[in-house]
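Peer 1: Input structure: structure07.cif, which contains mmCIF, N, CA and C atoms.
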```cif
data_coords
loop_
_atom_site.label_atom_id
_atom_site.label_comp_id
_atom_site.auth_asym_id
_atom_site.auth_seq_id
_atom_site.Cartn_x
_atom_site.Cartn_y
_atom_site.Cartn_z
N MET A 567 147.11 47.58 59.96
CA MET A 567 145.73 47.93 60.13
C MET A 567 144.98 46.88 60.95
N LEU A 568 145.66 45.82 61.28
CA LEU A 568 145.04 44.73 62.01
C LEU A 568 144.62 45.15 63.41
N PHE A 569 145.47 45.93 64.09
CA PHE A 569 145.21 46.27 65.49
C PHE A 569 144.25 47.44 65.67
N LYS A 570 143.97 48.18 64.63
CA LYS A 570 143.06 49.30 64.76
C LYS A 570 141.62 48.84 64.95
N SER A 571 141.32 47.61 64.60
CA SER A 571 139.95 47.13 64.70
C SER A 571 139.64 46.55 66.08
N PHE A 572 140.63 46.52 67.01
CA PHE A 572 140.37 46.01 68.36
C PHE A 572 139.65 47.06 69.18
N GLY A 573 138.51 46.67 69.70
CA GLY A 573 137.76 47.55 70.58
C GLY A 573 137.62 46.91 71.95
N LEU A 574 136.79 47.48 72.78
CA LEU A 574 136.60 46.97 74.13
C LEU A 574 136.03 45.54 74.13
N PRO A 575 135.03 45.24 73.31
CA PRO A 575 134.50 43.87 73.32
C PRO A 575 135.54 42.82 72.93
N GLU A 576 136.36 43.13 71.95
CA GLU A 576 137.39 42.19 71.53
C GLU A 576 138.43 41.97 72.62
N LEU A 577 138.82 43.05 73.28
CA LEU A 577 139.80 42.94 74.36
C LEU A 577 139.25 42.14 75.54
N LEU A 578 137.97 42.31 75.83
CA LEU A 578 137.35 41.53 76.90
C LEU A 578 137.31 40.04 76.55
N ILE A 579 137.03 39.72 75.31
CA ILE A 579 137.02 38.32 74.87
C ILE A 579 138.42 37.72 75.00
N ILE A 580 139.43 38.46 74.61
CA ILE A 580 140.81 37.99 74.73
C ILE A 580 141.17 37.78 76.19
N LEU A 581 140.75 38.70 77.06
CA LEU A 581 141.02 38.57 78.49
C LEU A 581 140.37 37.31 79.06
N VAL A 582 139.13 37.04 78.68
CA VAL A 582 138.42 35.85 79.16
C VAL A 582 139.13 34.59 78.69
N VAL A 583 139.57 34.56 77.46
CA VAL A 583 140.27 33.39 76.92
C VAL A 583 141.59 33.17 77.67
N VAL A 584 142.32 34.24 77.94
CA VAL A 584 143.59 34.11 78.67
C VAL A 584 143.33 33.58 80.08
N ILE A 585 142.30 34.09 80.73
CA ILE A 585 141.97 33.60 82.08
C ILE A 585 141.58 32.14 82.05
N LEU A 586 140.84 31.74 81.04
CA LEU A 586 140.46 30.33 80.93
C LEU A 586 141.66 29.43 80.67
N LEU A 587 142.60 29.91 79.88
CA LEU A 587 143.78 29.09 79.56
C LEU A 587 144.73 28.98 80.74
N PHE A 588 145.01 30.08 81.41
CA PHE A 588 146.04 30.09 82.44
C PHE A 588 145.49 30.01 83.85
N GLY A 589 144.31 30.48 84.08
CA GLY A 589 143.74 30.52 85.42
C GLY A 589 144.15 31.77 86.15
N VAL A 590 143.32 32.16 87.10
CA VAL A 590 143.55 33.41 87.83
C VAL A 590 144.82 33.32 88.67
N GLY A 591 145.04 32.21 89.33
CA GLY A 591 146.21 32.07 90.20
C GLY A 591 147.51 32.17 89.43
N ARG A 592 147.55 31.55 88.29
CA ARG A 592 148.79 31.56 87.49
C ARG A 592 149.06 32.96 86.93
N ILE A 593 148.00 33.65 86.52
CA ILE A 593 148.18 35.01 86.00
C ILE A 593 148.68 35.92 87.12
N GLY A 594 148.13 35.75 88.33
CA GLY A 594 148.59 36.55 89.47
C GLY A 594 150.05 36.28 89.78
N LYS A 595 150.45 35.02 89.69
CA LYS A 595 151.85 34.67 89.95
C LYS A 595 152.77 35.29 88.91
N ILE A 596 152.36 35.24 87.66
CA ILE A 596 153.15 35.83 86.58
C ILE A 596 153.28 37.35 86.78
N ALA A 597 152.16 37.99 87.15
CA ALA A 597 152.19 39.44 87.38
C ALA A 597 153.09 39.79 88.56
N LYS A 598 153.05 38.97 89.61
CA LYS A 598 153.89 39.22 90.78
C LYS A 598 155.37 39.10 90.42
N GLU A 599 155.72 38.07 89.65
CA GLU A 599 157.11 37.89 89.24
C GLU A 599 157.57 39.01 88.31
N LEU A 600 156.68 39.45 87.44
CA LEU A 600 157.02 40.55 86.55
C LEU A 600 157.26 41.83 87.34
N GLY A 601 156.40 42.09 88.32
CA GLY A 601 156.57 43.28 89.16
C GLY A 601 157.86 43.25 89.95
N SER A 602 158.19 42.09 90.51
CA SER A 602 159.43 42.01 91.29
C SER A 602 160.65 42.14 90.38
N GLY A 603 160.55 41.65 89.15
CA GLY A 603 161.65 41.81 88.21
C GLY A 603 161.87 43.26 87.83
N ILE A 604 160.79 43.97 87.60
CA ILE A 604 160.90 45.39 87.27
C ILE A 604 161.46 46.17 88.45
N ARG A 605 161.00 45.83 89.67
CA ARG A 605 161.48 46.51 90.87
C ARG A 605 162.98 46.28 91.05
N SER A 606 163.43 45.05 90.86
CA SER A 606 164.86 44.78 91.03
C SER A 606 165.69 45.46 89.95
N PHE A 607 165.13 45.58 88.75
CA PHE A 607 165.82 46.30 87.68
C PHE A 607 165.99 47.77 88.04
N LYS A 608 164.91 48.39 88.56
CA LYS A 608 164.99 49.79 88.96
C LYS A 608 165.98 49.98 90.11
N ASP A 609 165.94 49.05 91.07
CA ASP A 609 166.89 49.14 92.18
C ASP A 609 168.32 49.01 91.69
N GLY A 610 168.54 48.16 90.71
CA GLY A 610 169.87 48.00 90.14
C GLY A 610 170.34 49.27 89.46
N LEU A 611 169.45 49.93 88.75
CA LEU A 611 169.81 51.18 88.10
C LEU A 611 170.11 52.26 89.12
N GLN A 612 169.30 52.34 90.16
CA GLN A 612 169.53 53.35 91.20
C GLN A 612 170.79 53.03 91.98
N GLY A 613 171.09 51.75 92.15
CA GLY A 613 172.30 51.36 92.85
C GLY A 613 173.54 51.82 92.12
N GLU A 614 173.52 51.72 90.80
CA GLU A 614 174.65 52.20 90.01
C GLU A 614 174.81 53.71 90.16
N ASP A 615 173.69 54.43 90.18
CA ASP A 615 173.76 55.88 90.35
C ASP A 615 174.34 56.23 91.70
N LYS A 616 173.93 55.51 92.74
CA LYS A 616 174.44 55.78 94.08
C LYS A 616 175.94 55.51 94.16
N GLU A 617 176.38 54.41 93.52
CA GLU A 617 177.81 54.09 93.52
C GLU A 617 178.60 55.16 92.79
N ASP A 618 178.07 55.65 91.66
CA ASP A 618 178.75 56.70 90.92
C ASP A 618 178.87 57.97 91.76
N LYS A 619 177.81 58.32 92.49
CA LYS A 619 177.85 59.52 93.31
C LYS A 619 178.86 59.38 94.44
N LYS A 620 178.93 58.18 95.04
CA LYS A 620 179.89 57.96 96.12
C LYS A 620 181.31 58.09 95.60
N GLU A 621 181.56 57.56 94.41
CA GLU A 621 182.90 57.66 93.82
C GLU A 621 183.25 59.12 93.54
N GLU A 622 182.28 59.88 93.03
CA GLU A 622 182.52 61.30 92.74
C GLU A 622 182.82 62.06 94.03
N GLU A 623 182.08 61.75 95.11
CA GLU A 623 182.32 62.43 96.38
C GLU A 623 183.70 62.10 96.92
N LYS A 624 184.14 60.86 96.77
CA LYS A 624 185.47 60.47 97.23
C LYS A 624 186.54 61.23 96.44
N GLU A 625 186.35 61.34 95.13
CA GLU A 625 187.32 62.05 94.31
C GLU A 625 187.36 63.54 94.68
N GLU A 626 186.19 64.13 94.96
CA GLU A 626 186.15 65.53 95.34
C GLU A 626 186.88 65.74 96.66
N MET A 627 186.69 64.83 97.59
CA MET A 627 187.35 64.97 98.90
C MET A 627 188.85 64.85 98.74
N LYS A 628 189.32 63.97 97.85
CA LYS A 628 190.75 63.82 97.61
C LYS A 628 191.34 65.07 96.99
N THR A 629 190.61 65.69 96.07
CA THR A 629 191.14 66.89 95.41
C THR A 629 191.12 68.09 96.35
N GLU A 630 190.21 68.10 97.32
CA GLU A 630 190.15 69.20 98.29
C GLU A 630 191.32 69.17 99.26
N GLU A 631 191.86 67.99 99.52
CA GLU A 631 192.94 67.85 100.49
C GLU A 631 194.25 68.29 99.97
#
```
When written as structure tokens, how does the structure in this file appear?
Peer 2:
Amino acid sequence: MLFKSFGLPELLIILVVVILLFGVGRIGKIAKELGSGIRSFKDGLQGEDKEDKKEEEKEEMKTEE
């Protein structure tokens, strides 16, 4: 029940405290690194899918011959 009492004013206060502690530049750097990490994770997942499809196509071509 602790988190149900958080409203907009409380979240704004928390945001201001975080900005004061870390600074805008550091928060931007952290967000940029987080975004690039998520992007590389997605690319890695899609890369595995592409490799699987290529392997399936190779197997299909072998069975057709």
Peer 1: Enter the distance from atom C of Lys620 of chain A to atom CA of Arg605 of chain A, in Å, rounded to one decimal.
Peer 2: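 Rounded to one decimal, the two atoms are 23.4 Å apart.
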Peer 1: So how many Å separate atom CA of Glu626 of chain A and atom CA of Gly613 of chain A, to one decimal?
Peer 2: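 We find that atom CA of Glu626 of chain A and atom CA of Gly613 of chain A lie 20.0 Å from each other.
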Peer 1: Using Å and a single decimal, report how far atom N of Gly603 of chain A sits from atom N of Gly573 of chain A.
Peer 2: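 Atom-to-atom, atom N of Gly573 of chain A to atom N of Gly603 of chain A, that is 29.8 Å.
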Peer 1: Quick one: 5 Å padding each side, axis-aligned, all listed atoms of segment 576-579 of chain A - centre and edge lengths in Å to one decimal, as JSON?
Peer 2:
```
{"center_x": 138.1, "center_y": 40.4, "center_z": 74.2, "size_x": 13.4, "size_y": 15.4, "size_z": 15.4}
```
